[in-house]
Each structure stands twice: as C-alpha cells, then as structure tokens.
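J.: Sharing target00.cif here; it has mmCIF, C-alpha atoms and all ligand atoms.
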```cif
data_upload
loop_
_atom_site.group_PDB
_atom_site.id
_atom_site.type_symbol
_atom_site.label_atom_id
_atom_site.label_comp_id
_atom_site.auth_asym_id
_atom_site.auth_seq_id
_atom_site.Cartn_x
_atom_site.Cartn_y
_atom_site.Cartn_z
ATOM 1 C CA MET A 230 -20.150 -72.279 -75.296
ATOM 2 C CA GLY A 231 -22.142 -75.362 -76.038
ATOM 3 C CA ILE A 232 -24.830 -74.202 -78.402
ATOM 4 C CA LYS A 233 -26.586 -77.200 -79.887
ATOM 5 C CA LYS A 234 -29.949 -75.698 -80.772
ATOM 6 C CA VAL A 235 -30.126 -73.990 -84.135
ATOM 7 C CA LEU A 236 -33.224 -72.194 -85.464
ATOM 8 C CA ILE A 237 -33.237 -71.839 -89.247
ATOM 9 C CA PHE A 238 -35.823 -69.404 -90.612
ATOM 10 C CA GLY A 239 -36.849 -69.399 -94.276
ATOM 11 C CA GLY A 240 -39.328 -67.135 -96.021
ATOM 12 C CA THR A 241 -39.065 -64.154 -93.686
ATOM 13 C CA HIS A 242 -39.757 -62.420 -96.987
ATOM 14 C CA GLY A 243 -42.549 -64.267 -98.814
ATOM 15 C CA ASN A 244 -41.158 -63.741 -102.326
ATOM 16 C CA GLU A 245 -37.676 -65.102 -101.546
ATOM 17 C CA TRP A 246 -38.354 -68.710 -102.474
ATOM 18 C CA THR A 247 -34.890 -70.192 -101.899
ATOM 19 C CA GLY A 248 -35.184 -70.182 -98.113
ATOM 20 C CA ILE A 249 -38.793 -71.339 -98.231
ATOM 21 C CA TYR A 250 -38.091 -74.410 -100.394
ATOM 22 C CA LEU A 251 -34.914 -75.084 -98.445
ATOM 23 C CA ILE A 252 -36.767 -75.446 -95.141
ATOM 24 C CA LYS A 253 -39.662 -77.341 -96.800
ATOM 25 C CA LYS A 254 -37.601 -79.819 -98.839
ATOM 26 C CA TYR A 255 -34.169 -80.218 -97.195
ATOM 27 C CA SER A 256 -34.833 -80.227 -93.443
ATOM 28 C CA SER A 257 -34.947 -84.061 -93.050
ATOM 29 C CA LEU A 258 -31.796 -84.481 -95.122
ATOM 30 C CA LEU A 259 -29.879 -81.867 -93.102
ATOM 31 C CA LYS A 260 -31.139 -83.214 -89.752
ATOM 32 C CA ASN A 261 -29.776 -86.616 -90.782
ATOM 33 C CA GLU A 262 -26.429 -85.148 -91.790
ATOM 34 C CA PHE A 263 -25.994 -83.173 -88.556
ATOM 35 C CA LYS A 264 -27.375 -85.479 -85.855
ATOM 36 C CA ASN A 265 -25.128 -83.784 -83.263
ATOM 37 C CA LEU A 266 -27.128 -80.569 -83.581
ATOM 38 C CA ASP A 267 -30.742 -79.797 -82.664
ATOM 39 C CA LEU A 268 -31.866 -78.296 -85.988
ATOM 40 C CA ASN A 269 -35.260 -76.562 -86.161
ATOM 41 C CA PHE A 270 -36.558 -75.328 -89.528
ATOM 42 C CA ILE A 271 -39.255 -72.660 -89.378
ATOM 43 C CA HIS A 272 -41.329 -70.979 -92.089
ATOM 44 C CA ALA A 273 -41.225 -67.387 -90.827
ATOM 45 C CA ASN A 274 -43.941 -65.717 -92.907
ATOM 46 C CA PRO A 275 -46.329 -68.258 -94.529
ATOM 47 C CA GLU A 276 -49.054 -65.669 -95.313
ATOM 48 C CA ALA A 277 -46.626 -63.577 -97.359
ATOM 49 C CA PHE A 278 -45.604 -66.692 -99.316
ATOM 50 C CA VAL A 279 -49.284 -67.377 -100.140
ATOM 51 C CA LEU A 280 -49.449 -63.825 -101.530
ATOM 52 C CA ASN A 281 -45.963 -64.207 -103.129
ATOM 53 C CA LYS A 282 -45.106 -60.807 -101.698
ATOM 54 C CA ARG A 283 -42.287 -59.580 -99.468
ATOM 55 C CA PHE A 284 -44.818 -59.104 -96.648
ATOM 56 C CA LYS A 285 -48.558 -58.944 -95.926
ATOM 57 C CA ASP A 286 -48.931 -55.940 -93.597
ATOM 58 C CA GLU A 287 -45.374 -54.839 -92.700
ATOM 59 C CA ASP A 288 -41.835 -56.040 -93.409
ATOM 60 C CA LEU A 289 -41.234 -58.912 -90.939
ATOM 61 C CA ASN A 290 -37.497 -58.254 -91.064
ATOM 62 C CA ARG A 291 -38.084 -54.746 -89.689
ATOM 63 C CA ALA A 292 -41.123 -55.571 -87.533
ATOM 64 C CA PHE A 293 -39.135 -56.619 -84.456
ATOM 65 C CA GLU A 294 -38.473 -52.975 -83.642
ATOM 66 C CA PHE A 295 -42.224 -52.707 -82.935
ATOM 67 C CA VAL A 296 -42.715 -56.195 -81.492
ATOM 68 C CA GLU A 297 -43.840 -54.923 -78.067
ATOM 69 C CA GLU A 298 -46.526 -52.707 -79.644
ATOM 70 C CA LYS A 299 -50.093 -53.888 -80.128
ATOM 71 C CA ARG A 300 -50.778 -53.880 -83.873
ATOM 72 C CA PRO A 301 -53.878 -56.057 -84.225
ATOM 73 C CA HIS A 302 -54.111 -55.266 -87.951
ATOM 74 C CA SER A 303 -50.598 -56.590 -88.600
ATOM 75 C CA TYR A 304 -50.001 -60.293 -89.308
ATOM 76 C CA GLU A 305 -46.245 -59.694 -89.141
ATOM 77 C CA ASN A 306 -46.526 -58.113 -85.669
ATOM 78 C CA LEU A 307 -48.188 -61.357 -84.517
ATOM 79 C CA ARG A 308 -45.495 -63.484 -86.211
ATOM 80 C CA ALA A 309 -42.738 -61.317 -84.709
ATOM 81 C CA LYS A 310 -44.178 -61.917 -81.215
ATOM 82 C CA GLU A 311 -44.367 -65.693 -81.836
ATOM 83 C CA ILE A 312 -40.875 -65.875 -83.351
ATOM 84 C CA LYS A 313 -39.304 -63.778 -80.590
ATOM 85 C CA SER A 314 -40.717 -66.009 -77.846
ATOM 86 C CA LEU A 315 -39.502 -69.079 -79.762
ATOM 87 C CA ILE A 316 -35.977 -67.627 -79.958
ATOM 88 C CA LEU A 317 -35.992 -66.664 -76.260
ATOM 89 C CA GLU A 318 -37.038 -70.179 -75.108
ATOM 90 C CA GLU A 319 -33.413 -71.229 -74.659
ATOM 91 C CA GLU A 320 -29.901 -70.470 -75.861
ATOM 92 C CA CYS A 321 -29.764 -70.982 -79.605
ATOM 93 C CA PHE A 322 -28.043 -69.939 -82.815
ATOM 94 C CA VAL A 323 -30.382 -68.271 -85.344
ATOM 95 C CA ILE A 324 -29.922 -68.448 -89.107
ATOM 96 C CA ASP A 325 -32.244 -66.349 -91.286
ATOM 97 C CA LEU A 326 -32.247 -67.169 -95.028
ATOM 98 C CA HIS A 327 -32.574 -64.390 -97.601
ATOM 99 C CA THR A 328 -31.957 -63.744 -101.290
ATOM 100 C CA THR A 329 -31.363 -60.560 -103.258
ATOM 101 C CA THR A 330 -31.921 -59.452 -106.846
ATOM 102 C CA SER A 331 -28.517 -57.720 -106.703
ATOM 103 C CA ASN A 332 -25.294 -59.424 -107.802
ATOM 104 C CA LEU A 333 -24.182 -59.830 -104.194
ATOM 105 C CA GLY A 334 -22.857 -63.388 -104.498
ATOM 106 C CA SER A 335 -22.651 -65.353 -101.240
ATOM 107 C CA THR A 336 -22.730 -63.290 -98.070
ATOM 108 C CA LEU A 337 -23.249 -63.570 -94.345
ATOM 109 C CA ILE A 338 -24.692 -60.577 -92.505
ATOM 110 C CA VAL A 339 -23.767 -60.122 -88.839
ATOM 111 C CA THR A 340 -25.979 -57.709 -86.857
ATOM 112 C CA GLN A 341 -24.977 -58.501 -83.250
ATOM 113 C CA ASP A 342 -21.366 -58.160 -82.067
ATOM 114 C CA HIS A 343 -21.130 -61.494 -80.267
ATOM 115 C CA PRO A 344 -17.676 -62.952 -81.184
ATOM 116 C CA LEU A 345 -19.208 -66.333 -82.035
ATOM 117 C CA ASN A 346 -21.018 -64.759 -85.011
ATOM 118 C CA PHE A 347 -17.721 -63.696 -86.559
ATOM 119 C CA ILE A 348 -15.915 -66.911 -85.594
ATOM 120 C CA LEU A 349 -18.559 -69.115 -87.227
ATOM 121 C CA SER A 350 -18.815 -66.864 -90.307
ATOM 122 C CA SER A 351 -15.039 -66.944 -90.745
ATOM 123 C CA GLY A 352 -15.232 -70.684 -91.330
ATOM 124 C CA VAL A 353 -17.513 -70.372 -94.358
ATOM 125 C CA ARG A 354 -15.487 -70.445 -97.594
ATOM 126 C CA ASP A 355 -15.857 -68.076 -100.538
ATOM 127 C CA SER A 356 -18.334 -65.757 -98.932
ATOM 128 C CA LYS A 357 -18.170 -62.178 -97.782
ATOM 129 C CA ILE A 358 -19.180 -60.906 -94.356
ATOM 130 C CA ILE A 359 -21.236 -57.733 -93.975
ATOM 131 C CA HIS A 360 -21.267 -56.103 -90.551
ATOM 132 C CA SER A 361 -24.616 -54.352 -90.184
ATOM 133 C CA PRO A 362 -25.095 -53.249 -86.548
ATOM 134 C CA ASP A 363 -28.755 -53.260 -85.478
ATOM 135 C CA PRO A 364 -29.075 -51.353 -82.168
ATOM 136 C CA GLU A 365 -32.898 -51.131 -82.546
ATOM 137 C CA LYS A 366 -33.016 -54.930 -82.968
ATOM 138 C CA LYS A 367 -35.390 -54.607 -85.912
ATOM 139 C CA TYR A 368 -34.110 -57.697 -87.735
ATOM 140 C CA LEU A 369 -35.329 -61.210 -86.937
ATOM 141 C CA VAL A 370 -31.764 -62.477 -86.435
ATOM 142 C CA SER A 371 -31.029 -59.747 -83.852
ATOM 143 C CA GLN A 372 -33.498 -61.334 -81.401
ATOM 144 C CA SER A 373 -30.643 -63.677 -80.471
ATOM 145 C CA GLN A 374 -27.151 -62.539 -79.508
ATOM 146 C CA THR A 375 -25.863 -65.408 -81.645
ATOM 147 C CA GLY A 376 -26.954 -65.712 -85.257
ATOM 148 C CA VAL A 377 -26.365 -64.624 -88.844
ATOM 149 C CA MET A 378 -28.351 -63.852 -91.968
ATOM 150 C CA ILE A 379 -27.427 -65.680 -95.160
ATOM 151 C CA GLU A 380 -27.982 -63.452 -98.210
ATOM 152 C CA VAL A 381 -27.338 -64.874 -101.697
ATOM 153 C CA GLY A 382 -27.907 -63.361 -105.147
ATOM 154 C CA PRO A 383 -28.669 -62.594 -107.840
ATOM 155 C CA VAL A 384 -32.096 -64.183 -108.173
ATOM 156 C CA ALA A 385 -35.411 -62.581 -109.100
ATOM 157 C CA GLN A 386 -38.237 -62.441 -106.576
ATOM 158 C CA GLY A 387 -40.549 -65.479 -106.711
ATOM 159 C CA VAL A 388 -37.954 -67.508 -108.638
ATOM 160 C CA LEU A 389 -35.703 -70.485 -107.806
ATOM 161 C CA SER A 390 -32.174 -70.439 -109.220
ATOM 162 C CA ALA A 391 -30.067 -73.619 -109.002
ATOM 163 C CA GLN A 392 -26.905 -71.694 -108.234
ATOM 164 C CA VAL A 393 -28.453 -69.598 -105.478
ATOM 165 C CA LEU A 394 -30.155 -72.639 -103.919
ATOM 166 C CA HIS A 395 -26.917 -74.693 -104.046
ATOM 167 C CA GLU A 396 -24.872 -71.841 -102.571
ATOM 168 C CA THR A 397 -27.376 -71.312 -99.744
ATOM 169 C CA LEU A 398 -27.249 -75.035 -98.940
ATOM 170 C CA ARG A 399 -23.439 -75.034 -99.037
ATOM 171 C CA ILE A 400 -23.192 -72.066 -96.665
ATOM 172 C CA LEU A 401 -25.752 -73.633 -94.325
ATOM 173 C CA ARG A 402 -23.818 -76.925 -94.219
ATOM 174 C CA GLU A 403 -20.533 -75.095 -93.562
ATOM 175 C CA LEU A 404 -22.161 -73.079 -90.765
ATOM 176 C CA PHE A 405 -23.522 -76.277 -89.164
ATOM 177 C CA THR A 406 -20.013 -77.754 -89.344
ATOM 178 C CA GLN A 407 -18.576 -74.593 -87.765
ATOM 179 C CA ILE A 408 -21.162 -74.688 -84.954
ATOM 180 C CA SER A 409 -19.866 -78.178 -84.143
ATOM 181 C CA VAL A 410 -16.200 -77.006 -84.219
ATOM 182 C CA LYS A 411 -16.340 -73.364 -82.984
ATOM 183 C CA LYS A 412 -12.725 -72.486 -83.674
ATOM 184 C CA PRO A 413 -11.695 -69.496 -85.755
ATOM 185 C CA THR A 414 -10.188 -70.696 -89.006
ATOM 186 C CA GLN A 415 -8.758 -67.248 -89.779
ATOM 187 C CA LYS A 416 -7.072 -64.937 -87.311
ATOM 188 C CA ASN A 417 -7.829 -61.751 -89.203
ATOM 189 C CA LEU A 418 -11.246 -61.518 -90.722
ATOM 190 C CA GLU A 419 -12.243 -59.173 -93.544
ATOM 191 C CA VAL A 420 -15.650 -57.603 -92.972
ATOM 192 C CA TYR A 421 -17.596 -54.977 -94.890
ATOM 193 C CA GLU A 422 -19.084 -52.283 -92.714
ATOM 194 C CA GLU A 423 -22.031 -50.253 -94.066
ATOM 195 C CA VAL A 424 -21.217 -46.541 -94.193
ATOM 196 C CA GLU A 425 -23.679 -44.829 -96.566
ATOM 197 C CA ASP A 426 -27.022 -45.465 -98.281
ATOM 198 C CA VAL A 427 -27.251 -43.953 -101.780
ATOM 199 C CA TYR A 428 -30.679 -43.085 -103.236
ATOM 200 C CA TYR A 429 -31.900 -42.871 -106.841
ATOM 201 C CA PRO A 430 -32.083 -39.474 -108.546
ATOM 202 C CA GLN A 431 -35.707 -38.464 -108.018
ATOM 203 C CA SER A 432 -38.152 -35.597 -108.018
ATOM 204 C CA ALA A 433 -41.637 -35.446 -106.463
ATOM 205 C CA GLY A 434 -41.310 -39.076 -105.385
ATOM 206 C CA SER A 435 -40.676 -40.317 -108.919
ATOM 207 C CA LEU A 436 -37.444 -41.753 -110.378
ATOM 208 C CA ASP A 437 -35.414 -39.469 -112.660
ATOM 209 C CA GLY A 438 -32.972 -42.202 -113.652
ATOM 210 C CA TYR A 439 -31.698 -45.740 -113.150
ATOM 211 C CA ILE A 440 -28.527 -47.697 -112.336
ATOM 212 C CA HIS A 441 -25.874 -46.959 -114.978
ATOM 213 C CA GLU A 442 -25.074 -49.836 -117.342
ATOM 214 C CA GLY A 443 -21.441 -49.731 -116.244
ATOM 215 C CA PHE A 444 -22.374 -49.922 -112.572
ATOM 216 C CA GLN A 445 -24.968 -52.733 -112.717
ATOM 217 C CA GLY A 446 -23.729 -55.944 -111.066
ATOM 218 C CA ARG A 447 -20.584 -54.385 -109.602
ATOM 219 C CA ASP A 448 -21.371 -55.309 -106.006
ATOM 220 C CA PHE A 449 -18.249 -55.557 -103.819
ATOM 221 C CA GLN A 450 -16.044 -54.046 -106.553
ATOM 222 C CA GLU A 451 -13.634 -51.462 -105.223
ATOM 223 C CA ILE A 452 -14.437 -47.786 -105.896
ATOM 224 C CA SER A 453 -12.195 -44.838 -105.151
ATOM 225 C CA GLY A 454 -12.631 -41.279 -106.393
ATOM 226 C CA ASP A 455 -14.993 -40.632 -109.320
ATOM 227 C CA TYR A 456 -17.622 -43.142 -110.351
ATOM 228 C CA THR A 457 -20.855 -43.145 -112.369
ATOM 229 C CA PRO A 458 -23.711 -44.945 -110.594
ATOM 230 C CA PHE A 459 -26.720 -43.527 -112.465
ATOM 231 C CA ARG A 460 -27.999 -42.498 -115.875
ATOM 232 C CA LEU A 461 -30.938 -40.100 -116.096
ATOM 233 C CA PHE A 462 -33.839 -40.872 -118.457
ATOM 234 C CA SER A 463 -32.609 -37.859 -120.453
ATOM 235 C CA GLY A 464 -29.413 -39.854 -121.163
ATOM 236 C CA GLU A 465 -27.186 -37.741 -118.946
ATOM 237 C CA GLU A 466 -24.737 -39.572 -116.653
ATOM 238 C CA VAL A 467 -24.732 -38.895 -112.919
ATOM 239 C CA LYS A 468 -21.262 -38.945 -111.369
ATOM 240 C CA LYS A 469 -20.367 -39.220 -107.721
ATOM 241 C CA GLN A 470 -17.159 -39.219 -105.753
ATOM 242 C CA THR A 471 -15.772 -41.096 -102.775
ATOM 243 C CA GLN A 472 -13.085 -39.779 -100.428
ATOM 244 C CA GLU A 473 -11.827 -43.259 -99.581
ATOM 245 C CA ILE A 474 -11.918 -46.791 -101.003
ATOM 246 C CA LEU A 475 -15.479 -48.077 -100.712
ATOM 247 C CA TYR A 476 -17.453 -51.107 -101.932
ATOM 248 C CA PRO A 477 -21.094 -50.945 -103.122
ATOM 249 C CA ILE A 478 -23.594 -53.641 -102.115
ATOM 250 C CA PHE A 479 -27.264 -54.353 -102.941
ATOM 251 C CA ILE A 480 -26.995 -52.490 -106.271
ATOM 252 C CA ASN A 481 -30.500 -52.419 -107.829
ATOM 253 C CA GLU A 482 -32.205 -54.569 -105.168
ATOM 254 C CA ALA A 483 -35.878 -54.816 -106.212
ATOM 255 C CA ALA A 484 -37.229 -54.650 -102.658
ATOM 256 C CA TYR A 485 -35.566 -51.286 -102.030
ATOM 257 C CA TYR A 486 -37.267 -49.353 -104.866
ATOM 258 C CA SER A 487 -40.153 -48.529 -102.508
ATOM 259 C CA SER A 488 -37.725 -46.485 -100.410
ATOM 260 C CA LYS A 489 -35.747 -45.293 -103.523
ATOM 261 C CA LEU A 490 -32.601 -46.902 -102.078
ATOM 262 C CA ALA A 491 -30.235 -47.660 -104.990
ATOM 263 C CA PHE A 492 -27.250 -49.246 -103.187
ATOM 264 C CA THR A 493 -25.221 -49.079 -99.981
ATOM 265 C CA MET A 494 -21.534 -48.187 -99.695
ATOM 266 C CA CYS A 495 -19.280 -50.225 -97.385
ATOM 267 C CA ARG A 496 -15.813 -49.834 -95.968
ATOM 268 C CA LYS A 497 -13.588 -52.889 -95.673
ATOM 269 C CA LYS A 498 -12.085 -53.458 -92.255
ATOM 270 C CA ILE A 499 -10.038 -56.196 -90.667
ATOM 271 C CA LEU A 500 -11.340 -57.752 -87.479
ATOM 272 C CA ASN A 501 -8.890 -59.545 -85.193
ATOM 273 C CA LEU A 502 -10.672 -62.685 -84.004
ATOM 274 C CA ASP A 503 -8.216 -63.330 -81.159
ATOM 275 C CA ALA A 504 -8.979 -59.889 -79.750
ATOM 276 C CA SER A 505 -12.735 -60.267 -80.190
ATOM 277 C CA GLN A 506 -12.753 -63.424 -78.084
ATOM 278 C CA ASN A 507 -11.365 -61.686 -75.022
HETATM 279 ZN ZN ZN B 601 -35.056 -60.936 -97.586
#
```
Before we go any further, please render this structure as structure tokens.
Ligand SMILES: [Zn+2]
T.:
Amino acid sequence: MGIKKVLIFGGTHGNEWTGIYLIKKYSSLLKNEFKNLDLNFIHANPEAFVLNKRFKDEDLNRAFEFVEEKRPHSYENLRAKEIKSLILEEECFVIDLHTTTSNLGSTLIVTQDHPLNFILSSGVRDSKIIHSPDPEKKYLVSQSQTGVMIEVGPVAQGVLSAQVLHETLRILRELFTQISVKKPTQKNLEVYEEVEDVYYPQSAGSLDGYIHEGFQGRDFQEISGDYTPFRLFSGEEVKKQTQEILYPIFINEAAYYSSKLAFTMCRKKILNLDASQN
C-alpha cells in the first residue's frame, strides 16, 4: 500500500475551532515537515464557521448518509457531495479533526474496518482508539476505506485551548509519520467498542436531571456493577447497573443535548493486528 495523498478536514463542525485554525495556520508548516506526503488541508464547513454553529442546515458529519439525495435547501448536502467527489478522486487517507466538550482526552475514532486504520492508529502514543462502525457511511471519514477521526477534549465550543490544539497537532504529526512507515508498532491493540447510548432522565422532551457531580469527567474510567450517572433536579440520585466492565465516553458532550444523549458506554477489546492484516 503506497498511500501518499492525505486529506485533512477541519471544521466539519463550525464551532470546533481547533481543527479550523489548525488547517488555516499550520498547513504550510506541516507540508514542509512532511515533504514525502501529499498533504491537502480542507475547510469542510466554512458557512457553519461563519455562524459559529455546529452546522447551518444539517450536521455535515451525518449528512453523508443522504449525500445521493437532492436537498437544495441544505448547504451541508452540497458540501457532502463536493467532499465525497474530492475523496473519491484517487486513493487517499482521510483525517477529520474534531473536538469535544467531554473529558475524552486524546482519541482516534475508526469507522471503517480497513486494517491500515488500526495499524496507523496503533502508532500514535498516549491516545485511545474508539471503534465506531458506520455501515450507513454517514460520517465524512467513512467516505474513504482508509481514514480516522481525531477527537480531543475537553474544550468548549467556539474556544481554542492550548492543550487541545497541541495534542491535535501531536497526533496529526504522529499519524503522518505512521503513514510514511506503515508498520504496526503494537501486536495487540486495545480498542473501545461502542455498545450502548445512555440518555438523560427526561419527561415531555424536557430534562429531569443532569450528569452527577461524581460522574462528570470520568470518561474512559472503568465501571462495573452499580454506578450513579445522574442527579435529578429534585436532588435525588439516579443509579444504574452494568452486567460487565464498561467504559463511558462523551460524558456531557454539549452537541448531544439536542438528542438528549448523555454518554455512550464502551467495551474494551483486544484486536490482533497480525490477524487483521491477513
Ligand atoms: Zn465534531
């Protein structure tokens, strides 16, 4: 596999400024550092950035499921069509930059099962890998068999944080290095597989509570048996139970309030990279 062309998308969500400023301000520097690669930096959703909102008409990072439909009212449908044809021009590796308000730390999200995605991710230090299969191909990154999302937090929407910017740059540099090397650095890779979405306590479409103070920020911390994710506005605690060891992610992500999604539970599994290359 001789992938040289890399498409790096920033600002798929218009209020996630890290990726936007990264592609605007660091592209020349990175192109100079990695002359062996054909790096292409693309602002995915400029109209949403102007509005400083996640999206203008529909979420661009879900819009690819409907990319073949005619939605003349939707700016993101138009962008999805343009971005998809750009990705399909020739073999490439796609990197889509995101941030989260949750205390997720540094993560790579793999949506397509191509072994290269796991091999390259395994070479990035101090970051976790989330396996989030996308059979409907709704995500931008899923338009290519080879690609990953970078997701770093916590940072508020419409805000730059030095740590989150530096971490995103570090991961990007390590991925570029891995694309040049393409050898698994670990034989057995730990990945987190999404198993369950957990929603806020609610009635008639309105929240009845919030993330419990003891649960806030505990992304990727092991949970088994009883735990207390919510507190109701009445003060009462809401307890839940797991039947196996699970790990919560995206706890209190701002963008998910519209769907009342509070966090997602993951199971840790070990992927054998030797086997996945066969
Ligand atoms: Zn995002």
J.: Determine the nearest neighbour of A:Thr329 from the options A:Ile348, A:Val427, A:Leu418, A:Val393, counting all atoms listed in the file.
T.: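 Among A:Ile348, A:Val427, A:Leu418, A:Val393, it is A:Val393 that comes nearest to A:Thr329.
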J.: Starting from the point (-34.5, -62.8, -93.7), work out which residues of protein, DNA or RNA have an atom no more than 8 Å away when counting all atoms listed in the file; state them as number ranges by chain.
T.: A: 238-242, 290, 325-327, 368-370, 378-380
J.: Suppose we keep C-alpha atoms; can you now write the selection as a PDB file, in the frame of the given file?
T.:
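File written: out-v5.pdb
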```pdb
ATOM      1  CA  PHE A 238     -35.823 -69.404 -90.612  1.00  0.00           C
ATOM      2  CA  GLY A 239     -36.849 -69.399 -94.276  1.00  0.00           C
ATOM      3  CA  GLY A 240     -39.328 -67.135 -96.021  1.00  0.00           C
ATOM      4  CA  THR A 241     -39.065 -64.154 -93.686  1.00  0.00           C
ATOM      5  CA  HIS A 242     -39.757 -62.420 -96.987  1.00  0.00           C
ATOM      6  CA  ASN A 290     -37.497 -58.254 -91.064  1.00  0.00           C
ATOM      7  CA  ASP A 325     -32.244 -66.349 -91.286  1.00  0.00           C
ATOM      8  CA  LEU A 326     -32.247 -67.169 -95.028  1.00  0.00           C
ATOM      9  CA  HIS A 327     -32.574 -64.390 -97.601  1.00  0.00           C
ATOM     10  CA  TYR A 368     -34.110 -57.697 -87.735  1.00  0.00           C
ATOM     11  CA  LEU A 369     -35.329 -61.210 -86.937  1.00  0.00           C
ATOM     12  CA  VAL A 370     -31.764 -62.477 -86.435  1.00  0.00           C
ATOM     13  CA  MET A 378     -28.351 -63.852 -91.968  1.00  0.00           C
ATOM     14  CA  ILE A 379     -27.427 -65.680 -95.160  1.00  0.00           C
ATOM     15  CA  GLU A 380     -27.982 -63.452 -98.210  1.00  0.00           C
TER      16      GLU A 380
END
```
J.: What does the PyMOL selection byres (((chain A and resi 330-344) around 6) and not hetatm) select in this file, as a count of residues only?
T.: 30
J.: Show me as a PyMOL selection string the residues that reach within 10 Å of (-41.9, -55.7, -88.9), counting only C-alpha atoms and using the file's own coordinates.
T.: chain A and resi 284+286-296+303-309+367-369
J.: Residues near A:Leu349, anyone? I mean within 10 Å using all atoms listed in the file, not counting same-chain ones fewer than 2 positions away, as a list in words.
T.: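 Listed by chain and then number, they are Pro344, Leu345, Asn346, Phe347, Ser351, Gly352, Val353, Thr375, Gly376, Val377, Glu403, Leu404, Phe405, Thr406, Gln407, Ile408, Ser409, Val410, Lys411, Lys412, Pro413 and Thr414 of chain A.
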J.: Which is closest to A:Phe492 among A:Gly464, A:Gly443, A:Gly231, A:Pro458, if we use only C-alpha atoms?
T.: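 With only C-alpha atoms as the atom set, the closest residue is A:Pro458.
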J.: Considering only C-alpha atoms, state which residue in the set A:Leu394, A:Leu490, A:Ser257, A:Ile237 is at the smallest distance from A:Ala273.
T.: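 Looking at the shortest contact to A:Ala273, the residue is A:Ile237.
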J.: Could you check which of A:Gly387, A:Pro364, A:Gly438, A:Pro301 is closest to ligand ZN 601 (chain B), using only C-alpha atoms and all ligand atoms?
T.: A:Gly387
J.: Quick one: pull the distance between atom CA of A:Gln431 and atom CA of A:Ser463, Å, one decimal.
T.: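 The value is 12.8 Å.
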J.: Find the residues near A:Phe270: any atom within 7 Å, counting only C-alpha atoms, skip ones fewer than 2 places away on the same chain, and give them as a list in words.
T.: Leu236, Ile237, Phe238, Ile252, Ser256, Leu268 and His272 of chain A
J.: Go through A:Glu297, A:Lys489, A:Ile249, A:Phe263 one by one, measure the shortest atom-to-atom distance of each to A:Ala433 using all atoms listed in the file, and give the residue with the smallest value.
T.: A:Lys489
J.: Rank nothing, just name the residue among A:Leu500, A:Ala483, A:Leu266, A:Ile232 nearest to A:Thr328, using all atoms listed in the file.
T.: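 Ranking A:Leu500, A:Ala483, A:Leu266, A:Ile232 by distance to A:Thr328, first place goes to A:Ala483.
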J.: For atom CA of A:Trp246 and atom CA of A:Val388, quote the distance in Å rounded to one decimal.
T.: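 Answer for the atom CA of A:Trp246 to atom CA of A:Val388 separation: 6.3 Å.
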J.: Using the file's own x, y and z axes, what box holds all listed atoms of stretch 412-421 of chain A with 3 Å on each side, keeping edges along x, y and z, and what are its centre and edge lengths in Å to one decimal, as lines of an AutoDock Vina configuration file?
T.:
```
center_x = -12.3
center_y = -63.7
center_z = -89.3
size_x = 16.5
size_y = 23.5
size_z = 17.2
```
J.: In Å, how far is it from atom ZN of ligand ZN 601 (chain B) to atom CA of A:Leu258?
T.: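 Interatomic distance, atom ZN of ligand ZN 601 (chain B) to atom CA of A:Leu258: 23.9 Å.
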